[in-house]
Amino acid sequence: MQNFITNYTKRRYIIYAIISIIALSLPFIEINGNHFFLLSFIHAKLNLFFISFSTQEFYLMPFILILLFLFIFFITTLGGRIWCAWSCPQTIFRVIYRDLIQTKILKIRKNINNKQKEYPGQYFKKIIAIILFYLISLIAISNLLWYFIPPEDYFEYLKNPNEHFLLIGILFFGSILFTLDVTYFAEKFCIYVCPYARIQSVMFDRDTMQVIYNEKRGGVIFDGKFKLHKKPPQGECIGCEACVSVCPTHIDIRAGMQLECINCLECADACSKIQNKFNRPSLINWTSIKSIETDKKINYFRFRTIGYLIVIGIILTILIIMGSKKEHMLLNINRSSELYQISRAGDNIEVSNAYTFLFQNTDIKDHEYYFEAKLEGIDNGIEIIRPSKPFKLEAGEQSKKIVIIRAIKKLANDNQKDIIFPLHIKAYAKDDNKIVIFRKTIFIYPKISIFKEVK
């Protein structure tokens, strides 16, 4: 007898394990002190692909989000709700709670293939199950926080809970809500709350892979209730309802495509075990409507999927190019709240503008920095008060420098309005001629009538 048994469930469990290992280990992996992904608000930096970016380089975030959404659209168009059953944390932790803790460990559920039946009583075991899952939820929420707080800082903060009430509160209430979600709301979250189920239909076409019951082989119709259209051997469905019993979202896949279906394919596995006894393949498969109708292979490469791949490739290329041009020094220039200061030096009147230069060394090495400033169109009569010599910044270090640009001679003769001069800044590393950046700000020179007020 030919073996037609499918085992999508086992494959999902393997993928769950791989995803869990990656998600738990990534925050602890560092290259040159940088994480794969870390959005730290405390340190005001973003680590992406083991490269460090400061808050001034967050212009990359829109491209990352666009790439993420385009990838989700592409995967949904190609494989339906593959995310829901094969990668979604909600589904993974539901499997851990229901299939592992409740069924395998505590034996609350007698049969892992029957997800419809609720077993009454056993309250003590059910409480134990919730407590066990709560411990897991603490790890899960901590794992999420590690992508925003480096693990080395996270564990230090936990040692001083009195100084980090916000972190403790997020961990406690987050784990409580997550436990409530998985143990009580369960698949109702997928059906009634998750927005993904609502938008998926607009991304489907007739070639999208879905969990489909083959009515041509099964021979069924619907008349209020599910009824067999023909009895075997003319109709291959024997009405065992193994596919119904195993469904975690409590649907009958024989009723056609439904919003609640999350593509877990457990119904396909259940049907394949029954049909294998008759030397027939499963009536439920992961295929497309068009493939069922034409008895041809699934068309993976079509206009919509190719279009998504092209756009994803363009966005990814832009992201790589922009990321490769990362500046190894950042300079943020802020003017003081006063437009200018006027002072008298003998017979001359001097005008000063004050600035705060914030330097940051975003390289992985220490560097010595310095800078030059020049007013556009002005060759002399300017005095720059700045650090007298280059200054050293360690890798990742920031430093503020107060800079005053002073006009020691008359630069303009306008009695109606203040004059604005472009101020060009060139900042560079003394020990690496490849590290150089340019910034532009303004120098404000007052109108002549203001000078009359200076004694």
# chains A, B, ... in the order shown; residues from 1 in each chain; ligands from 1

call {"tool": "residues_around", "arguments": {"residues": "A:Asn7", "least_positions_apart": "6", "cutoff": "12 Å", "atoms": "only C-alpha atoms", "output": "PDB file with N, CA and C atoms, in the first residue's frame"}}
result
ATOM      1  N   TYR A  13       6.363  22.023  14.152  1.00  0.00           N
ATOM      2  CA  TYR A  13       7.052  21.952  15.441  1.00  0.00           C
ATOM      3  C   TYR A  13       8.552  22.193  15.281  1.00  0.00           C
ATOM      4  N   ILE A  14       9.132  21.650  14.220  1.00  0.00           N
ATOM      5  CA  ILE A  14      10.563  21.858  13.968  1.00  0.00           C
ATOM      6  C   ILE A  14      10.840  23.338  13.709  1.00  0.00           C
ATOM      7  N   CYS A 264      -2.884  25.951   9.557  1.00  0.00           N
ATOM      8  CA  CYS A 264      -2.023  25.076  10.368  1.00  0.00           C
ATOM      9  C   CYS A 264      -1.876  23.701   9.743  1.00  0.00           C
ATOM     10  N   LEU A 265      -2.819  23.321   8.862  1.00  0.00           N
ATOM     11  CA  LEU A 265      -2.770  22.066   8.118  1.00  0.00           C
ATOM     12  C   LEU A 265      -2.884  20.822   8.987  1.00  0.00           C
ATOM     13  N   GLU A 266      -3.343  20.972  10.231  1.00  0.00           N
ATOM     14  CA  GLU A 266      -3.561  19.793  11.066  1.00  0.00           C
ATOM     15  C   GLU A 266      -4.717  18.965  10.517  1.00  0.00           C
ATOM     16  N   CYS A 267      -5.669  19.625   9.875  1.00  0.00           N
ATOM     17  CA  CYS A 267      -6.781  18.895   9.263  1.00  0.00           C
ATOM     18  C   CYS A 267      -6.285  18.037   8.105  1.00  0.00           C
ATOM     19  N   ALA A 268      -5.284  18.549   7.355  1.00  0.00           N
ATOM     20  CA  ALA A 268      -4.719  17.771   6.254  1.00  0.00           C
ATOM     21  C   ALA A 268      -4.017  16.525   6.782  1.00  0.00           C
ATOM     22  N   ASP A 269      -3.290  16.675   7.905  1.00  0.00           N
ATOM     23  CA  ASP A 269      -2.632  15.521   8.508  1.00  0.00           C
ATOM     24  C   ASP A 269      -3.654  14.491   8.986  1.00  0.00           C
ATOM     25  N   ALA A 270      -4.731  14.992   9.626  1.00  0.00           N
ATOM     26  CA  ALA A 270      -5.752  14.076  10.146  1.00  0.00           C
ATOM     27  C   ALA A 270      -6.436  13.324   9.011  1.00  0.00           C
ATOM     28  N   CYS A 271      -6.738  14.043   7.925  1.00  0.00           N
ATOM     29  CA  CYS A 271      -7.404  13.402   6.788  1.00  0.00           C
ATOM     30  C   CYS A 271      -6.487  12.410   6.092  1.00  0.00           C
ATOM     31  N   SER A 272      -5.204  12.733   6.013  1.00  0.00           N
ATOM     32  CA  SER A 272      -4.280  11.834   5.314  1.00  0.00           C
ATOM     33  C   SER A 272      -4.162  10.492   6.029  1.00  0.00           C
ATOM     34  N   LYS A 273      -4.258  10.502   7.362  1.00  0.00           N
ATOM     35  CA  LYS A 273      -4.179   9.242   8.111  1.00  0.00           C
ATOM     36  C   LYS A 273      -5.381   8.350   7.811  1.00  0.00           C
ATOM     37  N   SER A 282      -4.752  12.602   0.929  1.00  0.00           N
ATOM     38  CA  SER A 282      -5.657  13.428   1.722  1.00  0.00           C
ATOM     39  C   SER A 282      -6.595  14.243   0.840  1.00  0.00           C
ATOM     40  N   ASN A 285      -5.581  19.681   1.237  1.00  0.00           N
ATOM     41  CA  ASN A 285      -4.198  19.946   0.868  1.00  0.00           C
ATOM     42  C   ASN A 285      -3.901  21.434   0.907  1.00  0.00           C
TER      43      ASN A 285
END

call {"tool": "select_by_dssp", "arguments": {"residues": "stretch 157-393 of chain A", "states": "helix (DSSP H, G or I)", "output": "ChimeraX atom specification"}}
result
/A:157-159,161-163,165-185,188-193,196-203,215-218,242-245,253-255,266-276,289-294,303-324

call {"tool": "residues_around", "arguments": {"residues": "stretch 144-156 of chain A", "least_positions_apart": "5", "cutoff": "12 Å", "atoms": "only C-alpha atoms", "output": "ChimeraX atom specification"}}
result
/A:20,23-30,33-48,89,137-139,161,163-164,167-168,170-171,174-175,178

call {"tool": "select_by_dssp", "arguments": {"residues": "stretch 238-397 of chain A", "states": "strand (DSSP E or B)", "output": "PyMOL selection string"}}
result
chain A and resi 284-287+329-335+341-345+348-361+367-375+382-385+391-393

call {"tool": "closest_residue", "arguments": {"among": "A:Pro248, A:Gly239, A:Pro62, A:Gly79", "to": "A:Lys115", "atoms": "only C-alpha atoms"}}
result
A:Pro248

call {"tool": "residues_around", "arguments": {"residues": "A:Ile342", "least_positions_apart": "4", "cutoff": "7 Å", "atoms": "only C-alpha atoms", "output": "list in words"}}
result
Ile349, Glu350, Val351 and Ser352 of chain A

call {"tool": "residues_around", "arguments": {"residues": "A:Ile199", "least_positions_apart": "2", "cutoff": "12 Å", "atoms": "only C-alpha atoms", "output": "list of chain:residue names"}}
result
A:Ile72, A:Phe73, A:Thr76, A:Thr77, A:Gly80, A:Arg81, A:Cys194, A:Pro195, A:Tyr196, A:Ala197, A:Ser201, A:Val202, A:Met203, A:Phe204, A:Leu259

call {"tool": "atom_distance", "arguments": {"atom1": "atom CA of A:Ala373", "atom2": "atom CA of A:Ser52"}}
result
28.2 Å

call {"tool": "residues_around", "arguments": {"residues": "A:Ile408", "least_positions_apart": "6", "cutoff": "12 Å", "atoms": "only C-alpha atoms", "output": "list of chain:residue names"}}
result
A:Ile342, A:Ser343, A:Arg344, A:Ala345, A:Gly346, A:Asp347, A:Asn348, A:Ile349, A:Glu350, A:Val351, A:Ser352, A:Asn353, A:Ile378, A:Asn380, A:Gly381, A:Ile382, A:Glu383, A:Ile384, A:Tyr445

call {"tool": "closest_residue", "arguments": {"among": "A:Ile101, A:Ile404, A:Cys88, A:Ile284", "to": "A:Phe133", "atoms": "only C-alpha atoms"}}
result
A:Ile101

call {"tool": "atom_distance", "arguments": {"atom1": "atom CA of A:Asn413", "atom2": "atom CA of A:Ile444"}}
result
13.0 Å

call {"tool": "closest_residue", "arguments": {"among": "A:Ile312, A:Cys243, A:Val436, A:Ile66", "to": "A:Asn114", "atoms": "only C-alpha atoms"}}
result
A:Cys243
